[in-house]
Amino acid sequence: MKKIDVISAGDLERWKKRGRKIPVLTCYDFTMARILDAAKMPVLLVGDSLGQVMLGHDHTLPVTMDEMVHHTRAVARAKPHGLVVADMPFLSFQVSPERALEAAGRLVQDGRADAVKLEGGERSVPAVEKIVAAGIPVMGHLGLTPQSVLTLGGYKLRGKRKTEGETIFADARRLAAAGCFAIVLESIPAPLAAEITADLKIPTIGIGAGPHCDGQVLVLHDMLGMFTEFQPRFVRRFLEGAALIEQAVLEYATAVEKGEFPGPEHCYGLDEQDSRLDE
Ligand code: KIV
């Protein structure tokens, strides 16, 4: 059973009203979910960015529903107090609202997600309405939507041109009216994100969208300095994780090579038992 003091999708709108900022991080596995929960992270996003950071794909398009369910279950098994939001992978919600509801249902029933996230504006509204009507909270995602990388021609700033900015603004209103409980705004100019944030009752969660959003999200492996293939300008590294882990691995290898590990404290005598193994 989950503990009772969990965060719900509705809580986030109350946080916005009170001016309380909402930190969000991506999370893809049990161990990290336990750490994020210990740090009281209010929202854990099982993003389809796992395609890149966990599976080594070039983009998010190859990520399957089975993979999303697998990783969402692992995060949910940590029973975090924060909201577990699972990304709907490419083609799981674009084909029809009915297929979208089935896919969202799988993420909740099999993956144990508390909510789902899907990309896109006007074209995604019927799917959002269908999923919300079934009682599943939906987070929207506008601006740079990585599942459209083939048509967008890369990961570029969106909404710089007036007409494109107006479309993003109108889409944000449409998603809010369709019942989204929050909207991710990715890679758009800060003034546009500020305008949308001021206009909506539901919270905006920014990534490369400036400081005026109600919350911020980063890919966990980016902010921990573990994914070093490339670093978008909006990422701040709060740890040099890759360098620290590499150092630890080198120290381990050296200790093994020199015969310094395992030491006596790591070995069993004939008459000793490890209580963990006794249980
Ligand atoms: O997949 C993901 O990690 C995301 C966030 C970057 C918002 O969609």
# chains A, B, ... in the order shown; residues from 1 in each chain; ligands from 1
call {"tool": "residues_around", "arguments": {"residues": "range 6-20 of chain A", "least_positions_apart": "4", "cutoff": "6 Å", "atoms": "only C-alpha atoms", "output": "ChimeraX atom specification"}}
result
/A:81-83,202-203
call {"tool": "select_by_dssp", "arguments": {"residues": "range 205-260 of chain A", "states": "strand (DSSP E or B)", "output": "list in words"}}
result
Ile205, Gly206, Ile207, Gly215, Gln216, Val217 and Leu218 of chain A
call {"tool": "write_last_selection", "arguments": {"atoms": "N, CA and C atoms", "output": "short mmCIF file (atom, residue, chain, number, x, y, z; two decimals), in the first residue's frame"}}
result
data_model
loop_
_atom_site.label_atom_id
_atom_site.label_comp_id
_atom_site.auth_asym_id
_atom_site.auth_seq_id
_atom_site.Cartn_x
_atom_site.Cartn_y
_atom_site.Cartn_z
N ILE A 205 5.22 23.65 -16.27
CA ILE A 205 6.49 23.07 -15.81
C ILE A 205 7.49 23.32 -16.94
N GLY A 206 8.48 24.14 -16.67
CA GLY A 206 9.39 24.56 -17.74
C GLY A 206 10.64 23.69 -17.84
N ILE A 207 11.11 23.58 -19.07
CA ILE A 207 12.46 23.00 -19.32
C ILE A 207 13.01 23.81 -20.49
N GLY A 215 6.84 25.49 -12.30
CA GLY A 215 7.76 24.44 -11.88
C GLY A 215 8.86 24.29 -12.91
N GLN A 216 9.82 23.45 -12.61
CA GLN A 216 10.93 23.17 -13.54
C GLN A 216 11.14 21.67 -13.59
N VAL A 217 11.48 21.17 -14.76
CA VAL A 217 11.84 19.76 -14.89
C VAL A 217 13.18 19.64 -15.59
N LEU A 218 13.99 18.69 -15.15
CA LEU A 218 15.22 18.35 -15.86
C LEU A 218 15.31 16.83 -15.97
#
call {"tool": "residues_near_ligand", "arguments": {"ligand": "ligand 1", "cutoff": "7 Å", "atoms": "only C-alpha atoms and all ligand atoms", "output": "list of chain:residue names"}}
result
A:Thr26, A:Leu45, A:Val46, A:Gly47, A:Asp48, A:Ser49, A:Leu50, A:Asp87, A:Val184, A:Glu186, A:Ile207, A:Val217, A:Leu218, A:Val219
call {"tool": "write_last_selection", "arguments": {"atoms": "N, CA, C and O atoms", "output": "PDB file, in the first residue's frame"}}
result
ATOM      1  N   THR A  26      13.061  13.657 -13.937  1.00  0.00           N
ATOM      2  CA  THR A  26      12.754  12.368 -14.549  1.00  0.00           C
ATOM      3  C   THR A  26      13.343  11.274 -13.662  1.00  0.00           C
ATOM      4  O   THR A  26      14.266  11.508 -12.869  1.00  0.00           O
ATOM      5  N   LEU A  45       8.903  12.009 -13.098  1.00  0.00           N
ATOM      6  CA  LEU A  45       8.441  11.803 -14.473  1.00  0.00           C
ATOM      7  C   LEU A  45       9.220  10.658 -15.117  1.00  0.00           C
ATOM      8  O   LEU A  45      10.441  10.759 -15.294  1.00  0.00           O
ATOM      9  N   VAL A  46       8.505   9.589 -15.432  1.00  0.00           N
ATOM     10  CA  VAL A  46       9.143   8.505 -16.184  1.00  0.00           C
ATOM     11  C   VAL A  46       9.058   8.923 -17.651  1.00  0.00           C
ATOM     12  O   VAL A  46       8.094   8.619 -18.357  1.00  0.00           O
ATOM     13  N   GLY A  47      10.036   9.726 -18.056  1.00  0.00           N
ATOM     14  CA  GLY A  47      10.009  10.320 -19.395  1.00  0.00           C
ATOM     15  C   GLY A  47      10.440   9.310 -20.446  1.00  0.00           C
ATOM     16  O   GLY A  47      11.211   8.385 -20.157  1.00  0.00           O
ATOM     17  N   ASP A  48       9.958   9.530 -21.675  1.00  0.00           N
ATOM     18  CA  ASP A  48      10.457   8.652 -22.748  1.00  0.00           C
ATOM     19  C   ASP A  48      11.885   9.041 -23.142  1.00  0.00           C
ATOM     20  O   ASP A  48      12.503   8.395 -23.997  1.00  0.00           O
ATOM     21  N   SER A  49      12.431  10.058 -22.461  1.00  0.00           N
ATOM     22  CA  SER A  49      13.868  10.343 -22.585  1.00  0.00           C
ATOM     23  C   SER A  49      14.684   9.135 -22.125  1.00  0.00           C
ATOM     24  O   SER A  49      15.891   9.090 -22.364  1.00  0.00           O
ATOM     25  N   LEU A  50      14.038   8.173 -21.488  1.00  0.00           N
ATOM     26  CA  LEU A  50      14.748   6.942 -21.126  1.00  0.00           C
ATOM     27  C   LEU A  50      15.293   6.261 -22.384  1.00  0.00           C
ATOM     28  O   LEU A  50      16.259   5.487 -22.309  1.00  0.00           O
ATOM     29  N   ASP A  87       5.287   8.917 -19.298  1.00  0.00           N
ATOM     30  CA  ASP A  87       5.156   9.444 -20.663  1.00  0.00           C
ATOM     31  C   ASP A  87       4.435   8.440 -21.548  1.00  0.00           C
ATOM     32  O   ASP A  87       4.708   7.232 -21.479  1.00  0.00           O
ATOM     33  N   VAL A 184       3.912  20.805 -19.538  1.00  0.00           N
ATOM     34  CA  VAL A 184       5.351  21.023 -19.715  1.00  0.00           C
ATOM     35  C   VAL A 184       5.540  21.986 -20.881  1.00  0.00           C
ATOM     36  O   VAL A 184       4.932  21.813 -21.944  1.00  0.00           O
ATOM     37  N   GLU A 186       8.549  23.216 -23.179  1.00  0.00           N
ATOM     38  CA  GLU A 186       9.956  22.882 -23.446  1.00  0.00           C
ATOM     39  C   GLU A 186      10.541  23.793 -24.523  1.00  0.00           C
ATOM     40  O   GLU A 186       9.954  23.963 -25.603  1.00  0.00           O
ATOM     41  N   ILE A 207      11.115  23.576 -19.067  1.00  0.00           N
ATOM     42  CA  ILE A 207      12.459  22.999 -19.315  1.00  0.00           C
ATOM     43  C   ILE A 207      13.011  23.805 -20.491  1.00  0.00           C
ATOM     44  O   ILE A 207      12.486  23.737 -21.598  1.00  0.00           O
ATOM     45  N   VAL A 217      11.485  21.171 -14.759  1.00  0.00           N
ATOM     46  CA  VAL A 217      11.840  19.762 -14.886  1.00  0.00           C
ATOM     47  C   VAL A 217      13.180  19.642 -15.593  1.00  0.00           C
ATOM     48  O   VAL A 217      13.486  20.434 -16.489  1.00  0.00           O
ATOM     49  N   LEU A 218      13.990  18.694 -15.150  1.00  0.00           N
ATOM     50  CA  LEU A 218      15.220  18.353 -15.862  1.00  0.00           C
ATOM     51  C   LEU A 218      15.313  16.834 -15.966  1.00  0.00           C
ATOM     52  O   LEU A 218      14.725  16.108 -15.149  1.00  0.00           O
ATOM     53  N   VAL A 219      16.032  16.390 -16.958  1.00  0.00           N
ATOM     54  CA  VAL A 219      16.347  14.971 -17.072  1.00  0.00           C
ATOM     55  C   VAL A 219      17.382  14.654 -15.978  1.00  0.00           C
ATOM     56  O   VAL A 219      18.415  15.322 -15.876  1.00  0.00           O
TER      57      VAL A 219
END
call {"tool": "atom_distance", "arguments": {"atom1": "CA of Gly165 in chain A", "atom2": "CA of Pro126 in chain A"}}
result
22.0 Å
call {"tool": "closest_atom_pairs", "arguments": {"of": "range 54-91 of chain A", "to": "range 32-41 of chain A", "cutoff": "12 Å", "atoms": "only C-alpha atoms", "output": "JSON lines"}}
result
{"residue": "A:His71", "atom": "CA", "partner": "A:Ala33", "partner_atom": "CA", "distance": 10.7}
{"residue": "A:Thr72", "atom": "CA", "partner": "A:Ala33", "partner_atom": "CA", "distance": 10.2}
{"residue": "A:Arg73", "atom": "CA", "partner": "A:Ala33", "partner_atom": "CA", "distance": 10.9}
{"residue": "A:Ala74", "atom": "CA", "partner": "A:Ala33", "partner_atom": "CA", "distance": 8.4}
{"residue": "A:Val75", "atom": "CA", "partner": "A:Ala33", "partner_atom": "CA", "distance": 5.5}
{"residue": "A:Ala76", "atom": "CA", "partner": "A:Ala33", "partner_atom": "CA", "distance": 7.9}
{"residue": "A:Arg77", "atom": "CA", "partner": "A:Ala33", "partner_atom": "CA", "distance": 8.6}
{"residue": "A:Ala78", "atom": "CA", "partner": "A:Arg34", "partner_atom": "CA", "distance": 5.6}
{"residue": "A:Lys79", "atom": "CA", "partner": "A:Arg34", "partner_atom": "CA", "distance": 8.1}
{"residue": "A:Pro80", "atom": "CA", "partner": "A:Asp37", "partner_atom": "CA", "distance": 5.3}
{"residue": "A:His81", "atom": "CA", "partner": "A:Asp37", "partner_atom": "CA", "distance": 6.5}
{"residue": "A:Gly82", "atom": "CA", "partner": "A:Met41", "partner_atom": "CA", "distance": 6.0}
{"residue": "A:Leu83", "atom": "CA", "partner": "A:Met41", "partner_atom": "CA", "distance": 8.8}
{"residue": "A:Val84", "atom": "CA", "partner": "A:Ala33", "partner_atom": "CA", "distance": 9.6}
call {"tool": "residues_around", "arguments": {"residues": "range 121-125 of chain A", "least_positions_apart": "6", "cutoff": "10 Å", "atoms": "only C-alpha atoms", "output": "count of residues only"}}
result
25
call {"tool": "closest_atom_pairs", "arguments": {"of": "range 214-267 of chain A", "to": "range 150-161 of chain A", "cutoff": "12 Å", "atoms": "only C-alpha atoms", "output": "CSV"}}
result
residue,atom,partner,partner_atom,distance
A:Phe230,CA,A:Tyr155,CA,11.8
A:Gln231,CA,A:Tyr155,CA,11.9
A:Pro232,CA,A:Tyr155,CA,9.4
A:Arg233,CA,A:Leu157,CA,11.0
A:Phe234,CA,A:Leu157,CA,11.1
call {"tool": "atom_distance", "arguments": {"atom1": "CA of Pro264 in chain A", "atom2": "CA of Tyr252 in chain A"}}
result
16.0 Å
call {"tool": "atom_distance", "arguments": {"atom1": "CA of Gly111 in chain A", "atom2": "CA of Asp66 in chain A"}}
result
9.3 Å
call {"tool": "closest_residue", "arguments": {"among": "A:Ala134, A:Val149, A:Val24, A:Ile183", "to": "Leu118 in chain A", "atoms": "only C-alpha atoms"}}
result
A:Ile183
call {"tool": "select_by_dssp", "arguments": {"residues": "range 23-271 of chain A", "states": "helix (DSSP H, G or I)", "output": "VMD selection string"}}
result
chain A and resid 30 to 38 50 to 53 65 to 76 97 to 109 122 to 133 146 to 152 162 to 178 190 to 199 220 to 223 241 to 257 264 to 266
call {"tool": "closest_residue", "arguments": {"among": "A:Leu220, A:Ala86, A:Leu239, A:Ala248", "to": "Gly105 in chain A", "atoms": "only C-alpha atoms"}}
result
A:Ala86
call {"tool": "closest_residue", "arguments": {"among": "A:Ala194, A:Gly259, A:Glu164, A:Met68", "to": "Leu55 in chain A", "atoms": "only C-alpha atoms"}}
result
A:Met68
call {"tool": "decode", "arguments": {"residues": "range 179-219 of chain A", "atoms": "N, CA and C atoms", "output": "short mmCIF file (atom, residue, chain, number, x, y, z; two decimals), in the first residue's frame"}}
result
data_model
loop_
_atom_site.label_atom_id
_atom_site.label_comp_id
_atom_site.auth_asym_id
_atom_site.auth_seq_id
_atom_site.Cartn_x
_atom_site.Cartn_y
_atom_site.Cartn_z
N GLY A 179 -8.69 19.55 -19.83
CA GLY A 179 -8.61 18.89 -18.53
C GLY A 179 -7.21 18.53 -18.05
N CYS A 180 -6.17 18.98 -18.76
CA CYS A 180 -4.81 18.70 -18.28
C CYS A 180 -4.61 19.33 -16.90
N PHE A 181 -3.86 18.65 -16.04
CA PHE A 181 -3.61 19.21 -14.69
C PHE A 181 -2.33 20.02 -14.65
N ALA A 182 -1.52 19.95 -15.69
CA ALA A 182 -0.26 20.72 -15.79
C ALA A 182 0.22 20.60 -17.23
N ILE A 183 1.10 21.52 -17.61
CA ILE A 183 1.65 21.47 -18.97
C ILE A 183 3.16 21.71 -18.92
N VAL A 184 3.91 20.81 -19.54
CA VAL A 184 5.35 21.02 -19.71
C VAL A 184 5.54 21.99 -20.88
N LEU A 185 6.36 23.00 -20.68
CA LEU A 185 6.73 23.93 -21.76
C LEU A 185 8.23 23.74 -22.02
N GLU A 186 8.55 23.22 -23.18
CA GLU A 186 9.96 22.88 -23.45
C GLU A 186 10.54 23.79 -24.52
N SER A 187 11.70 24.35 -24.22
CA SER A 187 12.48 25.15 -25.17
C SER A 187 11.66 26.20 -25.90
N ILE A 188 11.11 27.11 -25.13
CA ILE A 188 10.42 28.28 -25.72
C ILE A 188 10.97 29.53 -25.04
N PRO A 189 10.85 30.69 -25.68
CA PRO A 189 11.39 31.91 -25.06
C PRO A 189 10.75 32.17 -23.69
N ALA A 190 11.56 32.65 -22.77
CA ALA A 190 11.09 32.88 -21.39
C ALA A 190 9.88 33.82 -21.34
N PRO A 191 9.84 34.91 -22.15
CA PRO A 191 8.68 35.81 -22.07
C PRO A 191 7.37 35.11 -22.49
N LEU A 192 7.46 34.22 -23.48
CA LEU A 192 6.27 33.48 -23.91
C LEU A 192 5.80 32.54 -22.79
N ALA A 193 6.75 31.85 -22.16
CA ALA A 193 6.40 30.95 -21.05
C ALA A 193 5.77 31.73 -19.89
N ALA A 194 6.29 32.93 -19.66
CA ALA A 194 5.75 33.78 -18.58
C ALA A 194 4.30 34.16 -18.87
N GLU A 195 4.04 34.51 -20.13
CA GLU A 195 2.67 34.89 -20.54
C GLU A 195 1.70 33.74 -20.36
N ILE A 196 2.12 32.55 -20.80
CA ILE A 196 1.25 31.36 -20.69
C ILE A 196 1.01 31.04 -19.21
N THR A 197 2.07 31.12 -18.43
CA THR A 197 1.97 30.81 -16.99
C THR A 197 1.00 31.75 -16.29
N ALA A 198 1.06 33.03 -16.66
CA ALA A 198 0.16 34.02 -16.03
C ALA A 198 -1.29 33.79 -16.47
N ASP A 199 -1.46 33.25 -17.66
CA ASP A 199 -2.81 33.09 -18.21
C ASP A 199 -3.54 31.85 -17.67
N LEU A 200 -2.77 30.79 -17.36
CA LEU A 200 -3.41 29.50 -17.01
C LEU A 200 -3.61 29.35 -15.50
N LYS A 201 -4.67 28.63 -15.13
CA LYS A 201 -4.88 28.28 -13.72
C LYS A 201 -4.03 27.07 -13.34
N ILE A 202 -3.81 26.18 -14.32
CA ILE A 202 -3.01 24.98 -14.04
C ILE A 202 -1.52 25.33 -14.15
N PRO A 203 -0.68 24.59 -13.42
CA PRO A 203 0.75 24.93 -13.45
C PRO A 203 1.45 24.61 -14.78
N THR A 204 2.43 25.44 -15.10
CA THR A 204 3.33 25.15 -16.21
C THR A 204 4.64 24.64 -15.60
N ILE A 205 5.22 23.65 -16.27
CA ILE A 205 6.49 23.07 -15.81
C ILE A 205 7.49 23.32 -16.94
N GLY A 206 8.48 24.14 -16.67
CA GLY A 206 9.39 24.56 -17.74
C GLY A 206 10.64 23.69 -17.84
N ILE A 207 11.11 23.58 -19.07
CA ILE A 207 12.46 23.00 -19.32
C ILE A 207 13.01 23.81 -20.49
N GLY A 208 13.97 24.64 -20.22
CA GLY A 208 14.44 25.57 -21.24
C GLY A 208 13.37 26.60 -21.56
N ALA A 209 12.60 27.01 -20.55
CA ALA A 209 11.51 27.97 -20.77
C ALA A 209 11.56 29.11 -19.76
N GLY A 210 12.71 29.29 -19.12
CA GLY A 210 12.90 30.42 -18.25
C GLY A 210 12.36 30.22 -16.84
N PRO A 211 12.52 31.27 -16.01
CA PRO A 211 12.26 31.13 -14.57
C PRO A 211 10.82 31.39 -14.13
N HIS A 212 9.96 31.82 -15.08
CA HIS A 212 8.62 32.25 -14.64
C HIS A 212 7.60 31.12 -14.65
N CYS A 213 8.00 29.93 -15.07
CA CYS A 213 7.07 28.79 -15.02
C CYS A 213 6.80 28.45 -13.56
N ASP A 214 5.70 27.72 -13.34
CA ASP A 214 5.35 27.35 -11.96
C ASP A 214 6.27 26.27 -11.41
N GLY A 215 6.84 25.49 -12.30
CA GLY A 215 7.76 24.44 -11.88
C GLY A 215 8.86 24.29 -12.91
N GLN A 216 9.82 23.45 -12.61
CA GLN A 216 10.93 23.17 -13.54
C GLN A 216 11.14 21.67 -13.59
N VAL A 217 11.48 21.17 -14.76
CA VAL A 217 11.84 19.76 -14.89
C VAL A 217 13.18 19.64 -15.59
N LEU A 218 13.99 18.69 -15.15
CA LEU A 218 15.22 18.35 -15.86
C LEU A 218 15.31 16.83 -15.97
N VAL A 219 16.03 16.39 -16.96
CA VAL A 219 16.35 14.97 -17.07
C VAL A 219 17.38 14.65 -15.98
#
